[in-house]
Amino acid sequence: MDSRAQFLKQITEAGGVPGYEGDVRAIIRERLAGLTTIEQDKMGSLICRKAGTSESPRVMLAGHMDEIGFMVRQITDKGFVKFVPLGGWWDQVLLAQHVIIKTSQGDVWGLLGAKPPHILPADERNKVVEKKDMYIDVGATSKAEIEALGIRPGDPIIPVCDFRILAGGQTYLSKAWDDRLGCALFVEAIEELAQSTHPNTVYGVGTVQEEVGVRGATTSVRVVDPDVAIILEVDIAGDVPGIKEEDSTIALGQGPTLLVYDARMIPNLALRDLVIETAQELGIPLQLSLMTGGATDGAAIHIHAVGVPTVVIGVPARHIHSHASIIHRQDYDQALQLLVAVVTKLDAETVRGLT
Ligand SMILES: [Zn+2]
């Protein structure tokens with residue numbers, strides 16, 4: 001495993017559901033401490049400032065630190081944990097998955113309980129169990145045992161999935177690519193920019209609470225007050241059985257993506273074209289993507305103040321919003337290369353020309 005794969009393992013395996021991003025924040029802080037000034041807004045988003053040869057333009061690179069997960073809702077009399085989802089989960093991907101409940105007394109492992117088919121009546125076998133009827137089994141046999149473990153309402157619950165390198169080394173399986181991959185991209189971009197010069201000041205921002213409604217982006221953009229913004233996100237790969245070409249043409253290993261439309265943002269067109277031209281110059285394939293049923297931190301950032309020219313650069317991932325998803329290393333490497341090249345072009349005159 002090279003140092004980049006090791007960093008991706010470290011940052012995806014860290015637990016950080018919305019509102020509980022501290023472990024991810026610590027990893028980014030440690031990594032950028034010598035290269036940037038670091039501050040936090042009052043919601044917990046991390047703002048890492050790297051000055052180039054000019055104070056302005058102010059370039060915001062945003063990745064969200066939170067991942068989808070759950071929170072303890074209540075403990076049943078028989079010793080099971082009921083939960084609320086944090087972020088968008090599809091009921092079908094949940095049963096029999098492993099989780100860790102973070103309590104004030106330490107980590108507690110659990111399993112999303114599932115009825116064995118033997119005892120299911122025929123009509124129930126074909127039905128999807130709804131989240132509200134699910135529970136977590138931590139192996140306790142009474143409420144007292146659960147209380148002794150320190151589990152309380154409000155404790156965060158993290159999906160479990162170890163990082164694995166697949167398919168001869170090209171693809172990576174882990175949890176939380178959405179959006180640790182975006183965090184890793186701005187961290188590594190700042191590290192690369194520190195080796196050369198850039199005609200602007202870069203703000204790498206790890207936002208909080210994106211998955212529950214782009215809350216951290218809404219506050220952190222006020223601290224940065226950017227002139228231009230690039231959102232770094234996963235994109236939905238459609239190269240798996242059952243996804244029609246009309247729903248997604250995005251494929252793993254075919255390059256980074258540029259989001260030309262989502263439910264809450266239309267990108268700045270001149271900035272979009274600058275990204276497309278830069279990819280062409282570098283010989284990087286770029287996949288143009290549309291997401292009709294979702295949004296990114298760009299939703300809040302692009303309408304800050306009188307508007308901020310914003311684009312979303314993505315890396316395709318299969319199976320997002322489940323316990324585990326898969327990305328292609330080359331797509332990540334090319335997204336990073338493209339990001340650094342675009343940021344290097346964003347001088348005052350270029351940014352003035354975007355609007
Ligand atoms: Zn995301």
# chains A, B, ... in the order shown; residues from 1 in each chain; ligands from 1
>>> closest_atom_pairs(of="chain A", to="ligand 1", cutoff="8 Å", atoms="only C-alpha atoms and all ligand atoms", output="CSV")
residue,atom,partner,partner_atom_place_in_ligand_line,distance
A:Gly63,CA,ligand 1,1 (Zn),7.8
A:His64,CA,ligand 1,1 (Zn),6.6
A:Glu67,CA,ligand 1,1 (Zn),7.7
A:Asp178,CA,ligand 1,1 (Zn),4.5
A:Asp179,CA,ligand 1,1 (Zn),4.8
A:Glu210,CA,ligand 1,1 (Zn),7.0
A:Glu211,CA,ligand 1,1 (Zn),6.8
A:Glu233,CA,ligand 1,1 (Zn),5.5
A:Val234,CA,ligand 1,1 (Zn),6.1
A:Thr296,CA,ligand 1,1 (Zn),6.3
A:Asp297,CA,ligand 1,1 (Zn),8.0
>>> residues_around(residues="Gly293 (chain A)", least_positions_apart="4", cutoff="10 Å", atoms="only C-alpha atoms", output="list in words")
Asp262, Ala263 and Arg264 of chain A
>>> residues_around(residues="Lys50 (chain A)", least_positions_apart="5", cutoff="10 Å", atoms="only C-alpha atoms", output="list in words")
Leu32, Leu35, Thr36, Thr37, Ile38, Glu55, Arg58, Val59, Ile190, Glu191, Leu193, Ala194, His198, Asn200, Thr201, Val202, Tyr203 and Gly204 of chain A
>>> write_last_selection(atoms="N, CA and C atoms", output="compact mmCIF listing (two decimals), in the first residue's frame")
# COMPACT_ATOMS: atom_id res chain seq x y z
N LEU A 32 -2.37 18.87 7.92
CA LEU A 32 -2.12 20.20 7.33
C LEU A 32 -1.51 21.20 8.31
N LEU A 35 1.34 23.35 7.14
CA LEU A 35 1.22 23.99 5.82
C LEU A 35 0.21 25.12 5.76
N THR A 36 -0.76 25.10 6.66
CA THR A 36 -1.84 26.10 6.59
C THR A 36 -2.12 26.65 7.98
N THR A 37 -2.78 27.81 8.02
CA THR A 37 -3.39 28.20 9.29
C THR A 37 -4.72 27.46 9.36
N ILE A 38 -5.14 27.11 10.56
CA ILE A 38 -6.35 26.31 10.70
C ILE A 38 -7.28 26.96 11.72
N GLU A 55 -3.28 37.58 -1.88
CA GLU A 55 -4.37 37.42 -0.91
C GLU A 55 -5.66 36.98 -1.60
N ARG A 58 -9.88 34.49 -3.35
CA ARG A 58 -10.00 33.48 -2.30
C ARG A 58 -10.70 32.26 -2.90
N VAL A 59 -9.98 31.16 -2.94
CA VAL A 59 -10.47 29.94 -3.59
C VAL A 59 -10.88 28.94 -2.51
N ILE A 190 -3.60 20.84 -1.38
CA ILE A 190 -2.85 21.86 -0.63
C ILE A 190 -1.39 21.42 -0.48
N GLU A 191 -1.17 20.14 -0.22
CA GLU A 191 0.20 19.64 -0.10
C GLU A 191 0.97 19.82 -1.41
N LEU A 193 0.21 22.09 -3.81
CA LEU A 193 0.36 23.53 -4.06
C LEU A 193 1.49 24.12 -3.23
N ALA A 194 1.75 23.52 -2.08
CA ALA A 194 2.82 24.01 -1.21
C ALA A 194 4.20 23.78 -1.83
N HIS A 198 0.99 29.49 -6.37
CA HIS A 198 -0.37 29.66 -6.89
C HIS A 198 -0.79 31.11 -6.66
N ASN A 200 -3.20 32.94 -5.70
CA ASN A 200 -4.45 33.13 -4.96
C ASN A 200 -4.22 32.66 -3.53
N THR A 201 -5.28 32.67 -2.72
CA THR A 201 -5.21 32.04 -1.41
C THR A 201 -6.25 30.93 -1.36
N VAL A 202 -5.77 29.75 -1.00
CA VAL A 202 -6.64 28.57 -1.02
C VAL A 202 -7.16 28.27 0.38
N TYR A 203 -8.45 27.98 0.48
CA TYR A 203 -9.07 27.57 1.74
C TYR A 203 -9.59 26.15 1.56
N GLY A 204 -8.92 25.21 2.18
CA GLY A 204 -9.44 23.84 2.20
C GLY A 204 -10.42 23.72 3.35
>>> closest_residue(among="A:Gly106, A:Asn126, A:Ile100, A:Pro117", to="Val138 (chain A)", atoms="only C-alpha atoms")
A:Ile100
>>> select_by_dssp(residues="region 150-236 of chain A", states="alpha helix (DSSP H)", output="list in words")
Trp177, Asp178, Asp179, Arg180, Leu181, Gly182, Cys183, Ala184, Leu185, Phe186, Val187, Glu188, Ala189, Ile190, Glu191, Glu192, Leu193, Arg215, Gly216, Ala217, Thr218, Thr219, Ser220, Val221, Arg222, Val223 and Val224 of chain A
>>> write_last_selection(atoms="C-alpha atoms", output="compact mmCIF listing (two decimals), in the first residue's frame")
# COMPACT_ATOMS: atom_id res chain seq x y z
CA TRP A 177 -15.93 7.62 0.33
CA ASP A 178 -18.82 10.08 0.43
CA ASP A 179 -17.12 12.35 1.21
CA ARG A 180 -13.76 11.54 2.81
CA LEU A 181 -12.56 11.34 -0.75
CA GLY A 182 -13.37 15.06 -1.09
CA CYS A 183 -11.54 15.80 2.17
CA ALA A 184 -8.50 13.81 0.98
CA LEU A 185 -8.53 15.71 -2.32
CA PHE A 186 -8.30 19.15 -0.74
CA VAL A 187 -5.66 17.98 1.75
CA GLU A 188 -3.50 16.51 -1.02
CA ALA A 189 -4.10 19.48 -3.34
CA ILE A 190 -2.85 21.86 -0.63
CA GLU A 191 0.20 19.64 -0.10
CA GLU A 192 0.97 19.78 -3.82
CA LEU A 193 0.36 23.53 -4.06
CA ARG A 215 -25.48 22.88 7.28
CA GLY A 216 -21.70 23.22 7.70
CA ALA A 217 -21.27 24.63 4.21
CA THR A 218 -23.87 27.29 5.02
CA THR A 219 -21.84 28.61 7.96
CA SER A 220 -18.25 28.00 6.81
CA VAL A 221 -18.75 29.87 3.53
CA ARG A 222 -19.39 33.00 5.61
CA VAL A 223 -15.98 32.65 7.24
CA VAL A 224 -14.17 32.13 3.95
>>> closest_residue(among="A:Asp333, A:Asp91, A:Asp347, A:Asp227", to="His304 (chain A)", atoms="only C-alpha atoms")
A:Asp227
>>> atom_distance(atom1="CA of Gly206 (chain A)", atom2="CA of Leu46 (chain A)")
5.0 Å
>>> residues_around(residues="Val315 (chain A)", least_positions_apart="2", cutoff="9 Å", atoms="only C-alpha atoms", output="PyMOL selection string")
chain A and resi 181-182+232-237+252+255-258+313+317+327-328+331-332+335
>>> closest_residue(among="A:Leu338, A:Val306, A:Ile136, A:Val84", to="Pro153 (chain A)", atoms="only C-alpha atoms")
A:Val84
>>> closest_residue(among="A:Ile47, A:Val99, A:Ala140, A:Ile165", to="Ala5 (chain A)", atoms="only C-alpha atoms")
A:Ile165
>>> atom_distance(atom1="CA of Val128 (chain A)", atom2="CA of Lys115 (chain A)")
12.0 Å
>>> residues_around(residues="Gly69 (chain A)", least_positions_apart="5", cutoff="10 Å", atoms="only C-alpha atoms", output="list in words")
Gly15, Gly16, Val17, Pro18, Phe83, Val84, Pro85, Leu86, Gly87, Gly88, Trp89, Val99, Pro156, Ile157, Ile158, Pro159, Val160, Ala176, Glu211, His321, Ser322 and His323 of chain A
>>> write_last_selection(atoms="C-alpha atoms", output="mmCIF file, in the first residue's frame")
data_model
loop_
_atom_site.group_PDB
_atom_site.id
_atom_site.type_symbol
_atom_site.label_atom_id
_atom_site.label_comp_id
_atom_site.auth_asym_id
_atom_site.auth_seq_id
_atom_site.Cartn_x
_atom_site.Cartn_y
_atom_site.Cartn_z
ATOM 1 C CA GLY A 15 -15.961 7.465 12.155
ATOM 2 C CA GLY A 16 -17.807 10.745 11.647
ATOM 3 C CA VAL A 17 -21.576 10.844 11.322
ATOM 4 C CA PRO A 18 -23.257 14.283 11.067
ATOM 5 C CA PHE A 83 -32.113 4.261 16.139
ATOM 6 C CA VAL A 84 -32.758 7.215 13.865
ATOM 7 C CA PRO A 85 -30.929 7.532 10.551
ATOM 8 C CA LEU A 86 -28.541 10.454 9.986
ATOM 9 C CA GLY A 87 -28.571 11.072 6.246
ATOM 10 C CA GLY A 88 -30.238 9.227 3.397
ATOM 11 C CA TRP A 89 -30.386 5.441 3.825
ATOM 12 C CA VAL A 99 -22.068 -0.929 13.375
ATOM 13 C CA PRO A 156 -23.646 8.262 17.310
ATOM 14 C CA ILE A 157 -23.659 4.956 15.418
ATOM 15 C CA ILE A 158 -21.025 4.383 12.732
ATOM 16 C CA PRO A 159 -21.218 1.857 9.856
ATOM 17 C CA VAL A 160 -18.359 -0.663 9.873
ATOM 18 C CA ALA A 176 -17.484 6.839 3.718
ATOM 19 C CA GLU A 211 -25.743 14.738 4.829
ATOM 20 C CA HIS A 321 -25.175 5.633 0.625
ATOM 21 C CA SER A 322 -24.682 2.067 1.823
ATOM 22 C CA HIS A 323 -22.176 0.522 4.257
#
>>> atom_distance(atom1="CA of Ala114 (chain A)", atom2="CA of Lys132 (chain A)")
13.1 Å
>>> closest_residue(among="A:Pro199, A:Gly22, A:Gly238, A:Gly168", to="Ser56 (chain A)", atoms="only C-alpha atoms")
A:Pro199
>>> closest_residue(among="A:Gly169, A:Pro309, A:Gly213, A:Gly79", to="Leu149 (chain A)", atoms="only C-alpha atoms")
A:Gly79
>>> residues_around(residues="Tyr20 (chain A)", least_positions_apart="5", cutoff="12 Å", atoms="only C-alpha atoms", output="JSON, numbers by chain")
{"A": [14, 15, 25, 26, 43, 44, 45, 65, 66, 67, 68, 69, 70, 71, 86, 101, 102, 103, 154, 155, 156, 157, 158, 207, 208, 209, 210]}
